[in-house]
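Student: Please find one structure pasted underneath; my questions will follow.
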Amino acid sequence: MAQTPEQKFELITRNLGEVLGADQLKATLAERDIKLYWGTAPTGRVHIAYFVPMVKLADYLQAGCHVKILLADIHAFLDNMKAPIELVQARTKYYEQVVKSILRSLGVPLEKLEFVVGSSYELSREFSMDNYKLAALVTEHDAKKAGSEVVKQVASPALSGLLYPGMQALDEEYLGVDAQFGGIDQRKIFTFAEKYLPMLGYSKRIHLMNSMVPGLNGSKMSASDPNSKIDLLDSKKDVQNKIKKAYCELGVVEGNGVLAFAKNVLFPTSELRTGRAEFVVLRPEQYGGNTVYTNYESLESDFAEEKVHPGDLKSSVAAAINVLLDPIREHFESPEMQQLLLEAYPPPAAKPKVVKQKKKHNKRPDAVDAEAKADAGAEVKAVEEQLAKTNLD
C-alpha cells in the first residue's frame, strides 16, 4: 500500500527526541523519498542499547528511506584512541557483523541497507582538502563545544578530538544524504554541521535524534562503563545478574533504567518480531500470575502504583532480553566469529610477576651485616671446595 508524504513523515519522526529541519523534511518528502545515514564508531564492544537505533532504522526503511550505515573507523581512532589503529580494522568487521545480526533478529531486510566504511572516502584528496578548509574556518571553542558530549573528555585532550566534529559534518556531504540520524547527545555536532557546511558551499541537512536510554545504574548507557550496560554476547546468567543489580526502586519511574529499557527496546522489538507490541510480567500464581501488557503506558502506570514489584519486573526484563540475544549469541558461536572477536578485542597482556625479596625483620643492622657476611663466606668456601675437587680429579 502506497504511503502519503504525511504518513512517511509520521513514521520517520515518531518516538524521536527532537527533529531539526522538520519543514525541510516535509518539503523533500513531497517530492521524493529521503536518503539518510546513521554512523557508529567501532570502539568498545557493542551493548544492548544498540537495539534502540536499529528499531528506528526499521521505521525509516518502512517509510521508503534509502539508509546508509557508516562504520566510522577513522572517528574511532581519533576519539582519544578508543580504538588503537592496529585494532580498528578488526573492530569495524565485528561491528558490521553485530549490526547485521541485530537487524536479522528483528526481521529487517538487509538488502535495503548500504554499509559504508569511513576510510573508504575520508582518506581521499577531496575530503582531506575540505577538512583543511574547515580547519581554517572553525574556532577551537566551536570544535571543543561540538564534541563535548561525544568525544571522550580528558584533562589534556589530543588534537584529534577537535577534528572529529568537522569530519562528521563532512560525512553528510560525502555520503550524499538528506539527513543524519543519531542520539540526542550528538545535538551539538549536528548544529555545528548546520553552521559550517554552508560556509563550504554545501547544503544544511536534516537531523533526527533519538532520546538517550538510561543505563542500568540510571545514567547514560555506555560501552566504557560495564556496570551500566549489557553486552550483546553476555551469557544468560550475566544478563540476569546485571539486571538484578540494576537501579529499580519500588514505584519510582524517573531514572529507572529497567523500565526505560522495556519502553525503548522490548515493546518496539516485540512489535517488529511478532507484529504486536507485548511484554509479559512473570509472576507466581500466588502473587497474581502473569500479566500481559500491550503498551508501555499501562506497565508504567502499574509500576508507579506499586502493582508491579521491582523483582518481578527485573526477572521478566532479563528473560525478554535473553530471548532477544539468543540469535546473536548463536551467530557468534562459529569459529570464524570467535576468531574475529579475538582479533577485535584481544585479551590484555599478562603483567610480569614481581618477585619480592624477603624482608628481615626485628634484627639489628649489625646482626644483618654479620649474617650477610656469613652467607657470603659459606658461598666462597663451597666454591673453593668444588675447585679443589676438580683439580684432584
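Naming works like this for the C-alpha cells: A, B, ... for the chains as they're shown, residue 1 at the start of each chain, ligands 1 onward in shown order.
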Show which residues sit within 9 Å of Ile12 in chain A, as an NGL selection string. Count only C-alpha atoms, and ignore same-chain residues fewer than 5 positions away.
Tutor: :A and (7 or 56 or 59-60 or 62-63 or 65 or 208)
Student: Output as a Markdown table one row per residue of range 279-360 of chain A within 8 Å of range 103-113 of chain A: the closest atom pair and its distance in Å to one decimal place, counting only C-alpha atoms, sorted by chain and residue number ascending.
Tutor:
| residue | atom | partner | partner_atom | distance |
| --- | --- | --- | --- | --- |
| A:Leu324 | CA | A:Ser105 | CA | 7.4 |
| A:Pro327 | CA | A:Ser105 | CA | 6.4 |
| A:Ile328 | CA | A:Ser105 | CA | 7.4 |
Student: Using the selection just defined, write its residues with N, CA and C atoms as a PDB file, in the first residue's frame.
Tutor:
ATOM      1  N   LEU A 324      15.885 -11.969  23.073  1.00  0.00           N
ATOM      2  CA  LEU A 324      16.415 -11.101  22.017  1.00  0.00           C
ATOM      3  C   LEU A 324      17.846 -11.471  21.633  1.00  0.00           C
ATOM      4  N   PRO A 327      19.592 -15.323  19.210  1.00  0.00           N
ATOM      5  CA  PRO A 327      20.082 -15.492  17.826  1.00  0.00           C
ATOM      6  C   PRO A 327      21.432 -14.808  17.586  1.00  0.00           C
ATOM      7  N   ILE A 328      21.720 -13.747  18.332  1.00  0.00           N
ATOM      8  CA  ILE A 328      23.009 -13.053  18.174  1.00  0.00           C
ATOM      9  C   ILE A 328      24.124 -13.893  18.778  1.00  0.00           C
TER      10      ILE A 328
END
Student: Kindly indicate which residue among A:Val116, A:Leu342, A:Ile74, A:Leu325 lies nearest to Val88 in chain A, using only C-alpha atoms for the distances.
Tutor: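 Ranking A:Val116, A:Leu342, A:Ile74, A:Leu325 by distance to Val88 in chain A, first place goes to A:Ile74.
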Student: Find the distance between CA of Glu194 in chain A and CA of Gln24 in chain A and write it in Å to one decimal.
Tutor: 12.9 Å
Student: Between A:Val151, A:Tyr174, A:Gly201, A:Lys68, which has the minimum distance to Lys133 in chain A (counting only C-alpha atoms)?
Tutor: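 The shortest atom-to-atom distance to Lys133 in chain A comes from A:Gly201.
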Student: If I take CA of Ala304 in chain A and CA of Ala262 in chain A, how far is one from the other in Å, to one decimal?
Tutor: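 So the answer is 14.5 Å.
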Student: May I ask which of the residues A:Leu259, A:Ala135, A:Val253, A:Ala90 is the closest one to Arg45 in chain A, counting only C-alpha atoms?
Tutor: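 Closest residue, counting only C-alpha atoms: A:Ala90.
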Student: If we count only C-alpha atoms and set the cut-off at 12 Å, which residues sit around Glu297 in chain A, ignoring sequence neighbours fewer than 4 positions away in its own chain? Please answer as a VMD selection string.
Tutor: chain A and resid 253 259 to 260 262 to 264 267 277 to 279 293 301 to 304
Student: List every residue of range 151-370 of chain A that DSSP, applied to the backbone of this structure, assigns to helix (DSSP H, G or I), and report them as an MDAnalysis selection string.
Tutor: chainID A and resid 160:174 184:200 236:245 257:274 285:287 296:304 310:331 335:344 365:370
Student: Applying 9 Å and only C-alpha atoms, which residues near Met209 in chain A remain after dropping the ones on its own chain fewer than 2 positions away? List them as a VMD selection string.
Tutor: chain A and resid 13 16 to 20 180 to 187 207 211
Student: From the options A:Ile321, A:Leu57, A:Ala76, A:Ala349, which residue's atoms come nearest to Val239 in chain A, counting only C-alpha atoms?
Tutor: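 Smallest separation from Val239 in chain A among the options: A:Ile321.
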Student: What's around Ala193 in chain A at 9 Å? Count only C-alpha atoms, leave out sequence neighbours fewer than 2 positions away in its own chain, and write the answer as a PDB file with N, CA, C and O atoms, in the first residue's frame.
Tutor:
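Generated file (part.pdb):
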ATOM      1  N   PRO A 165      34.414  16.511  15.113  1.00  0.00           N
ATOM      2  CA  PRO A 165      33.135  17.106  14.694  1.00  0.00           C
ATOM      3  C   PRO A 165      33.122  17.542  13.234  1.00  0.00           C
ATOM      4  O   PRO A 165      32.116  17.375  12.532  1.00  0.00           O
ATOM      5  N   GLY A 166      34.234  18.110  12.772  1.00  0.00           N
ATOM      6  CA  GLY A 166      34.301  18.566  11.386  1.00  0.00           C
ATOM      7  C   GLY A 166      34.183  17.418  10.407  1.00  0.00           C
ATOM      8  O   GLY A 166      33.497  17.518   9.369  1.00  0.00           O
ATOM      9  N   GLN A 168      32.676  14.574  10.973  1.00  0.00           N
ATOM     10  CA  GLN A 168      31.301  14.069  10.999  1.00  0.00           C
ATOM     11  C   GLN A 168      30.375  14.973  10.189  1.00  0.00           C
ATOM     12  O   GLN A 168      29.450  14.491   9.535  1.00  0.00           O
ATOM     13  N   ALA A 169      30.634  16.268  10.224  1.00  0.00           N
ATOM     14  CA  ALA A 169      29.841  17.194   9.400  1.00  0.00           C
ATOM     15  C   ALA A 169      30.054  16.910   7.916  1.00  0.00           C
ATOM     16  O   ALA A 169      29.101  16.842   7.129  1.00  0.00           O
ATOM     17  N   LEU A 170      31.310  16.695   7.527  1.00  0.00           N
ATOM     18  CA  LEU A 170      31.619  16.429   6.122  1.00  0.00           C
ATOM     19  C   LEU A 170      31.043  15.088   5.649  1.00  0.00           C
ATOM     20  O   LEU A 170      30.746  14.923   4.467  1.00  0.00           O
ATOM     21  N   GLU A 172      28.156  14.027   6.001  1.00  0.00           N
ATOM     22  CA  GLU A 172      26.827  14.269   5.437  1.00  0.00           C
ATOM     23  C   GLU A 172      26.913  14.586   3.944  1.00  0.00           C
ATOM     24  O   GLU A 172      26.079  14.133   3.154  1.00  0.00           O
ATOM     25  N   LYS A 188      25.000  18.832  19.528  1.00  0.00           N
ATOM     26  CA  LYS A 188      25.976  19.906  19.325  1.00  0.00           C
ATOM     27  C   LYS A 188      26.776  19.700  18.039  1.00  0.00           C
ATOM     28  O   LYS A 188      27.150  20.669  17.372  1.00  0.00           O
ATOM     29  N   ILE A 189      27.035  18.446  17.695  1.00  0.00           N
ATOM     30  CA  ILE A 189      27.713  18.178  16.415  1.00  0.00           C
ATOM     31  C   ILE A 189      26.775  18.493  15.255  1.00  0.00           C
ATOM     32  O   ILE A 189      27.189  19.036  14.228  1.00  0.00           O
ATOM     33  N   PHE A 190      25.500  18.187  15.421  1.00  0.00           N
ATOM     34  CA  PHE A 190      24.526  18.467  14.362  1.00  0.00           C
ATOM     35  C   PHE A 190      24.386  19.970  14.103  1.00  0.00           C
ATOM     36  O   PHE A 190      24.353  20.413  12.954  1.00  0.00           O
ATOM     37  N   THR A 191      24.293  20.753  15.177  1.00  0.00           N
ATOM     38  CA  THR A 191      24.175  22.206  14.982  1.00  0.00           C
ATOM     39  C   THR A 191      25.487  22.783  14.448  1.00  0.00           C
ATOM     40  O   THR A 191      25.481  23.763  13.694  1.00  0.00           O
ATOM     41  N   LYS A 195      25.899  24.919  10.892  1.00  0.00           N
ATOM     42  CA  LYS A 195      26.571  26.220  10.818  1.00  0.00           C
ATOM     43  C   LYS A 195      27.684  26.234   9.771  1.00  0.00           C
ATOM     44  O   LYS A 195      27.793  27.180   8.967  1.00  0.00           O
ATOM     45  N   TYR A 196      28.516  25.183   9.744  1.00  0.00           N
ATOM     46  CA  TYR A 196      29.741  25.243   8.959  1.00  0.00           C
ATOM     47  C   TYR A 196      29.649  24.661   7.547  1.00  0.00           C
ATOM     48  O   TYR A 196      30.384  25.100   6.660  1.00  0.00           O
ATOM     49  N   LEU A 197      28.772  23.688   7.296  1.00  0.00           N
ATOM     50  CA  LEU A 197      28.694  23.148   5.933  1.00  0.00           C
ATOM     51  C   LEU A 197      28.318  24.210   4.896  1.00  0.00           C
ATOM     52  O   LEU A 197      28.918  24.254   3.805  1.00  0.00           O
ATOM     53  N   PRO A 198      27.340  25.095   5.187  1.00  0.00           N
ATOM     54  CA  PRO A 198      27.028  26.150   4.211  1.00  0.00           C
ATOM     55  C   PRO A 198      28.208  27.065   3.914  1.00  0.00           C
ATOM     56  O   PRO A 198      28.291  27.644   2.819  1.00  0.00           O
ATOM     57  N   LYS A 204      22.577  22.568   4.159  1.00  0.00           N
ATOM     58  CA  LYS A 204      22.306  22.191   5.542  1.00  0.00           C
ATOM     59  C   LYS A 204      21.401  20.965   5.536  1.00  0.00           C
ATOM     60  O   LYS A 204      20.397  20.918   4.837  1.00  0.00           O
ATOM     61  N   ARG A 205      21.748  19.979   6.355  1.00  0.00           N
ATOM     62  CA  ARG A 205      20.988  18.730   6.368  1.00  0.00           C
ATOM     63  C   ARG A 205      19.935  18.699   7.487  1.00  0.00           C
ATOM     64  O   ARG A 205      19.956  19.505   8.409  1.00  0.00           O
TER      65      ARG A 205
END
Student: Which residues come within 7 Å of Thr40 in chain A, counting only C-alpha atoms, excluding same-chain residues fewer than 5 positions away, as a list in words?
Tutor: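 What passes the distance filter is Leu70, Leu71 and Ala72 of chain A.
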Student: List as a list in words the protein and nucleic acid residues near Tyr247 in chain A, meaning an atom at most 10 Å away when only C-alpha atoms are counted, but skip any in the same chain fewer than 4 places from it.
Tutor: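 Contacts, with the query itself left out: Gly215, Leu216, Asn217, Gly218, Ser219, Ser228, Ile243, Val252, Gly255, Asn256, Gly257, Val258, Leu259, Pro310 and Lys314 of chain A.
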Student: Using C-alpha atoms, can you write the selected residues to a file as an mmCIF file, in the first residue's frame?
Tutor:
data_model
loop_
_atom_site.group_PDB
_atom_site.id
_atom_site.type_symbol
_atom_site.label_atom_id
_atom_site.label_comp_id
_atom_site.auth_asym_id
_atom_site.auth_seq_id
_atom_site.Cartn_x
_atom_site.Cartn_y
_atom_site.Cartn_z
ATOM 1 C CA GLY A 215 21.869 2.716 31.719
ATOM 2 C CA LEU A 216 21.199 0.053 34.321
ATOM 3 C CA ASN A 217 22.558 2.371 37.014
ATOM 4 C CA GLY A 218 20.267 5.233 35.960
ATOM 5 C CA SER A 219 22.903 7.180 33.979
ATOM 6 C CA SER A 228 25.732 0.438 33.060
ATOM 7 C CA ILE A 243 19.528 -6.763 35.720
ATOM 8 C CA VAL A 252 9.912 5.087 41.107
ATOM 9 C CA GLY A 255 15.767 7.339 36.108
ATOM 10 C CA ASN A 256 14.610 3.721 36.137
ATOM 11 C CA GLY A 257 16.828 2.011 33.567
ATOM 12 C CA VAL A 258 14.860 -1.260 33.680
ATOM 13 C CA LEU A 259 11.561 0.468 32.836
ATOM 14 C CA PRO A 310 10.750 -4.477 41.083
ATOM 15 C CA LYS A 314 13.646 -7.335 36.675
#
Student: Kindly indicate which residue among A:Tyr287, A:Phe192, A:Phe115, A:Tyr296 lies nearest to His309 in chain A, using only C-alpha atoms for the distances.
Tutor: A:Tyr287
Student: Pull the strand (DSSP E) assignments for range 248-351 of chain A out of DSSP run on the backbone, and list those residues as JSON, numbers by chain.
Tutor: {"A": [279, 280, 281, 291, 292, 293]}
